[in-house]
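Chemist: So that you have it, the file is entry_10.tsv, and it contains TSV, N, CA, C and O atoms:
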chain	number	residue	atom	x	y	z
A	1	MET	N	14.66	18.55	-20.30
A	1	MET	CA	13.38	18.24	-19.69
A	1	MET	C	12.28	18.55	-20.70
A	1	MET	O	12.27	19.59	-21.32
A	2	GLU	N	11.38	17.62	-20.83
A	2	GLU	CA	10.26	17.78	-21.74
A	2	GLU	C	9.25	18.76	-21.15
A	2	GLU	O	9.03	18.79	-19.94
A	3	ILE	N	8.64	19.56	-22.01
A	3	ILE	CA	7.60	20.50	-21.58
A	3	ILE	C	6.29	20.08	-22.23
A	3	ILE	O	6.22	19.90	-23.44
A	4	ILE	N	5.27	19.92	-21.41
A	4	ILE	CA	3.94	19.54	-21.87
A	4	ILE	C	3.04	20.76	-21.71
A	4	ILE	O	3.04	21.40	-20.66
A	5	GLU	N	2.26	21.05	-22.72
A	5	GLU	CA	1.37	22.21	-22.65
A	5	GLU	C	0.05	21.84	-21.97
A	5	GLU	O	-0.41	20.71	-22.04
A	6	ALA	N	-0.51	22.86	-21.34
A	6	ALA	CA	-1.82	22.73	-20.71
A	6	ALA	C	-2.61	23.99	-21.04
A	6	ALA	O	-2.03	25.02	-21.38
A	7	GLU	N	-3.90	23.87	-20.96
A	7	GLU	CA	-4.73	25.04	-21.20
A	7	GLU	C	-5.83	25.11	-20.15
A	7	GLU	O	-6.24	24.10	-19.59
A	8	LEU	N	-6.27	26.32	-19.90
A	8	LEU	CA	-7.37	26.57	-18.97
A	8	LEU	C	-8.66	26.53	-19.77
A	8	LEU	O	-8.78	27.23	-20.77
A	9	VAL	N	-9.59	25.68	-19.36
A	9	VAL	CA	-10.87	25.57	-20.07
A	9	VAL	C	-12.01	25.80	-19.10
A	9	VAL	O	-11.89	25.54	-17.90
A	10	THR	N	-13.12	26.28	-19.66
A	10	THR	CA	-14.33	26.51	-18.88
A	10	THR	C	-15.43	25.65	-19.48
A	10	THR	O	-15.68	25.71	-20.69
A	11	ILE	N	-16.08	24.87	-18.63
A	11	ILE	CA	-17.21	24.05	-19.05
A	11	ILE	C	-18.34	24.29	-18.07
A	11	ILE	O	-18.21	23.99	-16.88
A	12	GLU	N	-19.43	24.86	-18.57
A	12	GLU	CA	-20.61	25.14	-17.76
A	12	GLU	C	-20.26	25.90	-16.49
A	12	GLU	O	-20.73	25.56	-15.40
A	13	GLY	N	-19.42	26.90	-16.61
A	13	GLY	CA	-19.06	27.75	-15.48
A	13	GLY	C	-18.01	27.19	-14.54
A	13	GLY	O	-17.64	27.83	-13.57
A	14	GLU	N	-17.51	26.00	-14.82
A	14	GLU	CA	-16.46	25.38	-14.00
A	14	GLU	C	-15.14	25.47	-14.75
A	14	GLU	O	-15.10	25.37	-15.98
A	15	TYR	N	-14.05	25.63	-14.02
A	15	TYR	CA	-12.72	25.80	-14.62
A	15	TYR	C	-11.88	24.54	-14.41
A	15	TYR	O	-11.91	23.94	-13.33
A	16	PHE	N	-11.13	24.20	-15.46
A	16	PHE	CA	-10.30	23.00	-15.44
A	16	PHE	C	-8.96	23.32	-16.11
A	16	PHE	O	-8.89	24.14	-17.02
A	17	ILE	N	-7.93	22.59	-15.67
A	17	ILE	CA	-6.65	22.61	-16.37
A	17	ILE	C	-6.63	21.32	-17.19
A	17	ILE	O	-6.72	20.23	-16.64
A	18	ASP	N	-6.55	21.47	-18.50
A	18	ASP	CA	-6.42	20.32	-19.39
A	18	ASP	C	-4.95	20.19	-19.79
A	18	ASP	O	-4.39	21.08	-20.42
A	19	ILE	N	-4.35	19.07	-19.38
A	19	ILE	CA	-2.96	18.80	-19.74
A	19	ILE	C	-3.00	18.03	-21.05
A	19	ILE	O	-3.59	16.95	-21.13
A	20	LEU	N	-2.40	18.61	-22.06
A	20	LEU	CA	-2.53	18.12	-23.43
A	20	LEU	C	-1.57	16.98	-23.69
A	20	LEU	O	-0.57	17.09	-24.38
A	21	GLU	N	-1.88	15.86	-23.13
A	21	GLU	CA	-1.14	14.62	-23.20
A	21	GLU	C	-2.10	13.59	-23.76
A	21	GLU	O	-3.30	13.79	-23.76
A	22	GLU	N	-1.62	12.46	-24.22
A	22	GLU	CA	-2.49	11.38	-24.66
A	22	GLU	C	-2.46	10.28	-23.61
A	22	GLU	O	-1.41	9.69	-23.41
A	23	PRO	N	-3.51	9.97	-22.94
A	23	PRO	CA	-4.81	10.65	-22.99
A	23	PRO	C	-4.76	11.97	-22.23
A	23	PRO	O	-3.91	12.17	-21.37
A	24	LYS	N	-5.68	12.87	-22.57
A	24	LYS	CA	-5.75	14.18	-21.92
A	24	LYS	C	-6.01	14.00	-20.43
A	24	LYS	O	-6.79	13.15	-20.02
A	25	ILE	N	-5.34	14.81	-19.64
A	25	ILE	CA	-5.48	14.78	-18.18
A	25	ILE	C	-6.15	16.07	-17.76
A	25	ILE	O	-5.70	17.15	-18.11
A	26	THR	N	-7.25	15.96	-17.01
A	26	THR	CA	-8.04	17.13	-16.61
A	26	THR	C	-8.04	17.26	-15.09
A	26	THR	O	-8.34	16.30	-14.38
A	27	ILE	N	-7.71	18.48	-14.62
A	27	ILE	CA	-7.71	18.76	-13.18
A	27	ILE	C	-8.71	19.88	-12.92
A	27	ILE	O	-8.57	20.98	-13.45
A	28	PRO	N	-9.73	19.63	-12.09
A	28	PRO	CA	-10.68	20.69	-11.75
A	28	PRO	C	-10.04	21.68	-10.78
A	28	PRO	O	-9.34	21.28	-9.85
A	29	ILE	N	-10.26	22.99	-11.02
A	29	ILE	CA	-9.69	23.98	-10.09
A	29	ILE	C	-10.75	24.90	-9.49
A	29	ILE	O	-10.43	25.70	-8.62
A	30	SER	N	-12.00	24.76	-9.92
A	30	SER	CA	-13.02	25.64	-9.36
A	30	SER	C	-14.07	24.88	-8.56
A	30	SER	O	-15.00	25.47	-8.04
A	31	ASN	N	-13.93	23.57	-8.48
A	31	ASN	CA	-14.85	22.79	-7.65
A	31	ASN	C	-14.07	21.72	-6.89
A	31	ASN	O	-12.93	21.42	-7.22
A	32	ASP	N	-14.69	21.16	-5.91
A	32	ASP	CA	-14.05	20.17	-5.06
A	32	ASP	C	-14.43	18.78	-5.56
A	32	ASP	O	-15.53	18.31	-5.31
A	33	ASP	N	-13.52	18.15	-6.30
A	33	ASP	CA	-13.75	16.81	-6.83
A	33	ASP	C	-12.49	15.98	-6.56
A	33	ASP	O	-11.65	15.81	-7.44
A	34	PRO	N	-12.36	15.46	-5.33
A	34	PRO	CA	-11.13	14.74	-4.97
A	34	PRO	C	-10.85	13.53	-5.84
A	34	PRO	O	-9.69	13.20	-6.10
A	35	ASN	N	-11.90	12.86	-6.33
A	35	ASN	CA	-11.67	11.69	-7.18
A	35	ASN	C	-11.05	12.08	-8.52
A	35	ASN	O	-10.18	11.38	-9.04
A	36	ALA	N	-11.48	13.20	-9.08
A	36	ALA	CA	-10.91	13.67	-10.34
A	36	ALA	C	-9.45	14.09	-10.16
A	36	ALA	O	-8.61	13.80	-11.01
A	37	VAL	N	-9.16	14.75	-9.05
A	37	VAL	CA	-7.78	15.17	-8.77
A	37	VAL	C	-6.90	13.94	-8.55
A	37	VAL	O	-5.80	13.85	-9.10
A	38	LYS	N	-7.40	12.97	-7.80
A	38	LYS	CA	-6.64	11.74	-7.56
A	38	LYS	C	-6.36	11.01	-8.87
A	38	LYS	O	-5.24	10.55	-9.11
A	39	SER	N	-7.36	10.92	-9.72
A	39	SER	CA	-7.19	10.26	-11.02
A	39	SER	C	-6.15	10.99	-11.86
A	39	SER	O	-5.29	10.35	-12.50
A	40	ALA	N	-6.20	12.32	-11.89
A	40	ALA	CA	-5.23	13.11	-12.65
A	40	ALA	C	-3.82	12.88	-12.12
A	40	ALA	O	-2.87	12.69	-12.90
A	41	PHE	N	-3.65	12.89	-10.80
A	41	PHE	CA	-2.33	12.68	-10.23
A	41	PHE	C	-1.81	11.29	-10.52
A	41	PHE	O	-0.62	11.11	-10.79
A	42	ASN	N	-2.68	10.29	-10.50
A	42	ASN	CA	-2.25	8.93	-10.84
A	42	ASN	C	-1.73	8.87	-12.27
A	42	ASN	O	-0.72	8.23	-12.55
A	43	CYS	N	-2.43	9.54	-13.19
A	43	CYS	CA	-1.98	9.59	-14.59
A	43	CYS	C	-0.63	10.30	-14.71
A	43	CYS	O	0.25	9.85	-15.47
A	44	LEU	N	-0.45	11.39	-13.97
A	44	LEU	CA	0.82	12.12	-14.02
A	44	LEU	C	1.97	11.28	-13.45
A	44	LEU	O	3.08	11.29	-14.00
A	45	ILE	N	1.70	10.54	-12.40
A	45	ILE	CA	2.74	9.69	-11.82
A	45	ILE	C	3.11	8.57	-12.79
A	45	ILE	O	4.29	8.25	-12.97
A	46	GLU	N	2.10	8.00	-13.46
A	46	GLU	CA	2.40	7.00	-14.50
A	46	GLU	C	3.27	7.60	-15.60
A	46	GLU	O	4.19	6.96	-16.09
A	47	ARG	N	2.97	8.83	-15.98
A	47	ARG	CA	3.72	9.52	-17.03
A	47	ARG	C	5.17	9.77	-16.60
A	47	ARG	O	6.09	9.77	-17.42
A	48	LEU	N	5.38	9.98	-15.29
A	48	LEU	CA	6.73	10.22	-14.77
A	48	LEU	C	7.66	9.03	-14.97
A	48	LEU	O	8.88	9.19	-15.00
A	49	LYS	N	7.09	7.84	-15.13
A	49	LYS	CA	7.92	6.66	-15.36
A	49	LYS	C	8.73	6.80	-16.64
A	49	LYS	O	9.80	6.23	-16.77
A	50	LYS	N	8.21	7.57	-17.60
A	50	LYS	CA	8.89	7.76	-18.88
A	50	LYS	C	9.96	8.84	-18.82
A	50	LYS	O	10.78	8.96	-19.72
A	51	GLY	N	9.94	9.65	-17.77
A	51	GLY	CA	10.93	10.71	-17.63
A	51	GLY	C	10.33	11.96	-17.03
A	51	GLY	O	9.10	12.15	-17.03
A	52	VAL	N	11.18	12.82	-16.54
A	52	VAL	CA	10.74	14.04	-15.88
A	52	VAL	C	10.22	15.03	-16.94
A	52	VAL	O	10.70	15.04	-18.08
A	53	PHE	N	9.23	15.80	-16.58
A	53	PHE	CA	8.64	16.78	-17.48
A	53	PHE	C	8.12	17.96	-16.68
A	53	PHE	O	8.00	17.90	-15.45
A	54	SER	N	7.81	19.02	-17.39
A	54	SER	CA	7.25	20.22	-16.79
A	54	SER	C	5.98	20.57	-17.56
A	54	SER	O	5.91	20.34	-18.77
A	55	ILE	N	5.01	21.13	-16.88
A	55	ILE	CA	3.75	21.51	-17.51
A	55	ILE	C	3.71	23.02	-17.63
A	55	ILE	O	3.94	23.74	-16.66
A	56	SER	N	3.43	23.50	-18.85
A	56	SER	CA	3.39	24.93	-19.13
A	56	SER	C	1.98	25.32	-19.57
A	56	SER	O	1.40	24.68	-20.44
A	57	LEU	N	1.46	26.38	-18.98
A	57	LEU	CA	0.11	26.86	-19.29
A	57	LEU	C	0.14	27.77	-20.51
A	57	LEU	O	0.93	28.72	-20.57
A	58	LYS	N	-0.70	27.45	-21.49
A	58	LYS	CA	-0.84	28.31	-22.66
A	58	LYS	C	-1.41	29.65	-22.23
A	58	LYS	O	-2.22	29.71	-21.30
A	59	ASP	N	-1.00	30.70	-22.92
A	59	ASP	CA	-1.55	32.02	-22.61
A	59	ASP	C	-3.04	32.06	-22.87
A	59	ASP	O	-3.53	31.44	-23.83
A	60	ALA	N	-3.74	32.76	-22.02
A	60	ALA	CA	-5.19	32.91	-22.14
A	60	ALA	C	-5.54	34.27	-21.53
A	60	ALA	O	-4.66	35.03	-21.13
A	61	ASP	N	-6.84	34.55	-21.45
A	61	ASP	CA	-7.26	35.76	-20.75
A	61	ASP	C	-6.71	35.70	-19.33
A	61	ASP	O	-6.87	34.69	-18.65
A	62	LYS	N	-6.07	36.75	-18.92
A	62	LYS	CA	-5.41	36.73	-17.61
A	62	LYS	C	-6.38	37.13	-16.50
A	62	LYS	O	-6.18	38.11	-15.80
A	63	ASP	N	-7.42	36.32	-16.34
A	63	ASP	CA	-8.39	36.55	-15.27
A	63	ASP	C	-7.93	35.83	-14.01
A	63	ASP	O	-6.82	35.27	-13.96
A	64	LEU	N	-8.74	35.84	-12.98
A	64	LEU	CA	-8.39	35.22	-11.70
A	64	LEU	C	-8.04	33.75	-11.85
A	64	LEU	O	-7.03	33.29	-11.32
A	65	PHE	N	-8.84	32.99	-12.61
A	65	PHE	CA	-8.59	31.56	-12.72
A	65	PHE	C	-7.33	31.25	-13.53
A	65	PHE	O	-6.69	30.24	-13.30
A	66	TYR	N	-6.94	32.13	-14.43
A	66	TYR	CA	-5.67	31.96	-15.14
A	66	TYR	C	-4.51	32.02	-14.13
A	66	TYR	O	-3.61	31.18	-14.14
A	67	HIS	N	-4.57	33.00	-13.24
A	67	HIS	CA	-3.51	33.15	-12.24
A	67	HIS	C	-3.52	32.00	-11.24
A	67	HIS	O	-2.45	31.52	-10.81
A	68	VAL	N	-4.70	31.52	-10.88
A	68	VAL	CA	-4.81	30.35	-10.00
A	68	VAL	C	-4.19	29.13	-10.69
A	68	VAL	O	-3.40	28.39	-10.09
A	69	ALA	N	-4.53	28.92	-11.96
A	69	ALA	CA	-4.00	27.78	-12.71
A	69	ALA	C	-2.48	27.86	-12.85
A	69	ALA	O	-1.78	26.86	-12.72
A	70	LYS	N	-1.98	29.05	-13.12
A	70	LYS	CA	-0.53	29.24	-13.28
A	70	LYS	C	0.20	28.89	-11.97
A	70	LYS	O	1.20	28.17	-11.98
A	71	GLU	N	-0.30	29.38	-10.86
A	71	GLU	CA	0.31	29.07	-9.56
A	71	GLU	C	0.18	27.58	-9.24
A	71	GLU	O	1.12	26.96	-8.73
A	72	TYR	N	-0.97	27.01	-9.54
A	72	TYR	CA	-1.21	25.57	-9.32
A	72	TYR	C	-0.16	24.76	-10.06
A	72	TYR	O	0.44	23.83	-9.50
A	73	LEU	N	0.08	25.10	-11.33
A	73	LEU	CA	1.04	24.35	-12.13
A	73	LEU	C	2.47	24.56	-11.65
A	73	LEU	O	3.29	23.63	-11.72
A	74	GLU	N	2.80	25.73	-11.14
A	74	GLU	CA	4.14	25.95	-10.58
A	74	GLU	C	4.37	25.02	-9.40
A	74	GLU	O	5.43	24.39	-9.28
A	75	GLN	N	3.38	24.92	-8.52
A	75	GLN	CA	3.48	24.02	-7.37
A	75	GLN	C	3.54	22.56	-7.82
A	75	GLN	O	4.34	21.76	-7.32
A	76	LEU	N	2.67	22.22	-8.78
A	76	LEU	CA	2.61	20.85	-9.28
A	76	LEU	C	3.94	20.45	-9.93
A	76	LEU	O	4.43	19.34	-9.70
A	77	ASN	N	4.54	21.32	-10.71
A	77	ASN	CA	5.82	21.02	-11.35
A	77	ASN	C	6.90	20.71	-10.32
A	77	ASN	O	7.70	19.79	-10.50
A	78	GLY	N	6.93	21.47	-9.24
A	78	GLY	CA	7.90	21.20	-8.17
A	78	GLY	C	7.67	19.84	-7.54
A	78	GLY	O	8.62	19.08	-7.30
A	79	GLU	N	6.41	19.52	-7.29
A	79	GLU	CA	6.08	18.22	-6.70
A	79	GLU	C	6.41	17.07	-7.66
A	79	GLU	O	6.95	16.04	-7.24
A	80	LEU	N	6.11	17.25	-8.94
A	80	LEU	CA	6.41	16.20	-9.92
A	80	LEU	C	7.90	15.94	-10.01
A	80	LEU	O	8.34	14.80	-10.11
A	81	PHE	N	8.70	17.00	-9.96
A	81	PHE	CA	10.16	16.85	-10.01
A	81	PHE	C	10.64	16.04	-8.80
A	81	PHE	O	11.45	15.12	-8.94
A	82	ASP	N	10.13	16.39	-7.61
A	82	ASP	CA	10.52	15.67	-6.39
A	82	ASP	C	10.10	14.20	-6.45
A	82	ASP	O	10.88	13.31	-6.08
A	83	VAL	N	8.89	13.94	-6.92
A	83	VAL	CA	8.40	12.56	-7.03
A	83	VAL	C	9.26	11.78	-8.02
A	83	VAL	O	9.61	10.62	-7.76
A	84	HIS	N	9.62	12.41	-9.14
A	84	HIS	CA	10.45	11.72	-10.12
A	84	HIS	C	11.81	11.35	-9.53
A	84	HIS	O	12.31	10.24	-9.78
A	85	GLN	N	12.40	12.23	-8.74
A	85	GLN	CA	13.68	11.92	-8.11
A	85	GLN	C	13.54	10.72	-7.18
A	85	GLN	O	14.41	9.84	-7.16
A	86	GLU	N	12.45	10.65	-6.42
A	86	GLU	CA	12.23	9.51	-5.54
A	86	GLU	C	12.00	8.24	-6.35
A	86	GLU	O	12.48	7.16	-5.97
A	87	MET	N	11.26	8.35	-7.44
A	87	MET	CA	11.02	7.19	-8.30
A	87	MET	C	12.34	6.66	-8.85
A	87	MET	O	12.54	5.44	-8.92
A	88	GLU	N	13.24	7.55	-9.25
A	88	GLU	CA	14.57	7.14	-9.73
A	88	GLU	C	15.34	6.42	-8.63
A	88	GLU	O	15.96	5.38	-8.86
A	89	GLN	N	15.27	6.99	-7.44
A	89	GLN	CA	16.00	6.43	-6.30
A	89	GLN	C	15.56	4.99	-6.02
A	89	GLN	O	16.38	4.15	-5.69
A	90	TYR	N	14.27	4.72	-6.18
A	90	TYR	CA	13.74	3.39	-5.88
A	90	TYR	C	13.59	2.50	-7.11
A	90	TYR	O	13.06	1.40	-7.04
A	91	GLY	N	14.06	2.98	-8.27
A	91	GLY	CA	14.06	2.16	-9.47
A	91	GLY	C	12.70	2.01	-10.13
A	91	GLY	O	12.43	0.98	-10.77
A	92	PHE	N	11.82	3.02	-9.99
A	92	PHE	CA	10.48	2.94	-10.55
A	92	PHE	C	10.32	3.62	-11.91
A	92	PHE	O	9.22	3.76	-12.40
A	93	VAL	N	11.41	4.06	-12.51
A	93	VAL	CA	11.33	4.71	-13.83
A	93	VAL	C	11.83	3.73	-14.88
A	93	VAL	O	12.62	2.84	-14.59
A	94	ASP	N	11.34	3.91	-16.10
A	94	ASP	CA	11.79	3.08	-17.21
A	94	ASP	C	13.23	3.44	-17.54
A	94	ASP	O	13.53	4.59	-17.83
A	95	VAL	N	14.12	2.47	-17.49
A	95	VAL	CA	15.55	2.71	-17.69
A	95	VAL	C	15.81	3.33	-19.05
A	95	VAL	O	16.59	4.26	-19.17
A	96	GLY	N	15.15	2.87	-20.09
A	96	GLY	CA	15.36	3.40	-21.44
A	96	GLY	C	14.87	4.81	-21.61
A	96	GLY	O	15.28	5.52	-22.51
A	97	ALA	N	13.96	5.27	-20.73
A	97	ALA	CA	13.37	6.59	-20.87
A	97	ALA	C	14.07	7.66	-20.06
A	97	ALA	O	13.79	8.83	-20.20
A	98	GLN	N	15.00	7.27	-19.20
A	98	GLN	CA	15.68	8.24	-18.35
A	98	GLN	C	16.56	9.17	-19.17
A	98	GLN	O	17.18	8.75	-20.14
A	99	GLU	N	16.58	10.44	-18.74
A	99	GLU	CA	17.45	11.41	-19.40
A	99	GLU	C	18.83	11.34	-18.79
A	99	GLU	O	19.01	10.99	-17.64
A	100	SER	N	19.81	11.69	-19.57
A	100	SER	CA	21.19	11.67	-19.06
A	100	SER	C	21.46	12.90	-18.24
A	100	SER	O	20.97	13.95	-18.48
Would you mind writing the structure in this file as C-alpha cells?
Modeler:
Amino acid sequence: MEIIEAELVTIEGEYFIDILEEPKITIPISNDDPNAVKSAFNCLIERLKKGVFSISLKDADKDLFYHVAKEYLEQLNGELFDVHQEMEQYGFVDVGAQES
C-alpha cells in the first residue's frame, strides 16, 4: 500500500491538513467549509482509482490541532480503504493500477 505524506499547516490562524499529492489536496480542520471538504474528498476518490493508499501525518508540534489532524487522518484512512474496496467491487478502479 502506498503511503502519502501530509502536513499540518496554519494560515492566518486557521489549520489545514495539506496532503502532499499533485495537485496538493487541502482539508480545513479549524473552520466549517463544506465545499472545501467536499472538493478534497472528490480529489481523494479520484486518486483511489489508481490504487489504495494511506495518508501519514508528518511530525510537527504536538499541540491540540496536531492530535485532531492525526485522529482525522486515522478515520479518513479507514474510510478510503472501504471506499476503494467498493470501487473494486463495482469495477471503478484502473485495472493496470490495482495492486496484487
Chemist: So that I can see what lies close to region 76-91 of chain A, please list as a PyMOL selection string the residues with an atom at most 12 Å from it, counting only C-alpha atoms and leaving out residues fewer than 2 positions away in the same chain.
Modeler: chain A and resi 1-4+17+27+37+40-57+69-74+93-95+97-99
Chemist: Run DSSP on the backbone and give me the residues of chain A it puts in strand (DSSP E or B), as a ChimeraX atom specification.
Modeler: /A:2-11,14-19,25-28,53-57
Chemist: For Ile25 (chain A), which residue among A:Lys58, A:Ile11, A:Ala6, A:Gln75 is the nearest when counting only C-alpha atoms?
Modeler: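 Of all the options, A:Ala6 lies closest to Ile25 (chain A).
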Chemist: Find the distance between CA of Leu20 (chain A) and CA of Pro34 (chain A) and write it in Å to one decimal.
Modeler: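 CA of Pro34 (chain A) lies at a distance of 20.6 Å from CA of Leu20 (chain A).
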Chemist: Counting all atoms listed in the file, which residues sit no farther than 6 Å from the position (-9.9, 29.7, -9.1) in the file's frame? I'd like them as a PDB file with N, CA, C and O atoms, in the frame of the given file.
Modeler:
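And here's selection.pdb as it stands now:
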ATOM      1  N   ILE A  29     -10.260  22.990 -11.020  1.00  0.00           N
ATOM      2  CA  ILE A  29      -9.690  23.980 -10.090  1.00  0.00           C
ATOM      3  C   ILE A  29     -10.750  24.900  -9.490  1.00  0.00           C
ATOM      4  O   ILE A  29     -10.430  25.700  -8.620  1.00  0.00           O
ATOM      5  N   SER A  30     -12.000  24.760  -9.920  1.00  0.00           N
ATOM      6  CA  SER A  30     -13.020  25.640  -9.360  1.00  0.00           C
ATOM      7  C   SER A  30     -14.070  24.880  -8.560  1.00  0.00           C
ATOM      8  O   SER A  30     -15.000  25.470  -8.040  1.00  0.00           O
ATOM      9  N   LEU A  64      -8.740  35.840 -12.980  1.00  0.00           N
ATOM     10  CA  LEU A  64      -8.390  35.220 -11.700  1.00  0.00           C
ATOM     11  C   LEU A  64      -8.040  33.750 -11.850  1.00  0.00           C
ATOM     12  O   LEU A  64      -7.030  33.290 -11.320  1.00  0.00           O
ATOM     13  N   PHE A  65      -8.840  32.990 -12.610  1.00  0.00           N
ATOM     14  CA  PHE A  65      -8.590  31.560 -12.720  1.00  0.00           C
ATOM     15  C   PHE A  65      -7.330  31.250 -13.530  1.00  0.00           C
ATOM     16  O   PHE A  65      -6.690  30.240 -13.300  1.00  0.00           O
ATOM     17  N   VAL A  68      -4.700  31.520 -10.880  1.00  0.00           N
ATOM     18  CA  VAL A  68      -4.810  30.350 -10.000  1.00  0.00           C
ATOM     19  C   VAL A  68      -4.190  29.130 -10.690  1.00  0.00           C
ATOM     20  O   VAL A  68      -3.400  28.390 -10.090  1.00  0.00           O
TER      21      VAL A  68
END
Chemist: Kindly give the distance, in Å, that separates CA of Asn31 (chain A) and CA of Glu12 (chain A), rounded to a single decimal.
Modeler: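 We find that CA of Asn31 (chain A) and CA of Glu12 (chain A) lie 11.9 Å from each other.
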Chemist: To one decimal place, how far is atom C of Glu14 (chain A) from CA of Lys62 (chain A) in Å?
Modeler: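 For atom C of Glu14 (chain A) relative to CA of Lys62 (chain A), the distance reads 15.2 Å.
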Chemist: Given the choices A:Thr10, A:Glu5, A:Lys38, A:His67, which gets closest to Glu22 (chain A) if the distance is worked out from only C-alpha atoms?
Modeler: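 Distance minimum relative to Glu22 (chain A) lands on A:Glu5.
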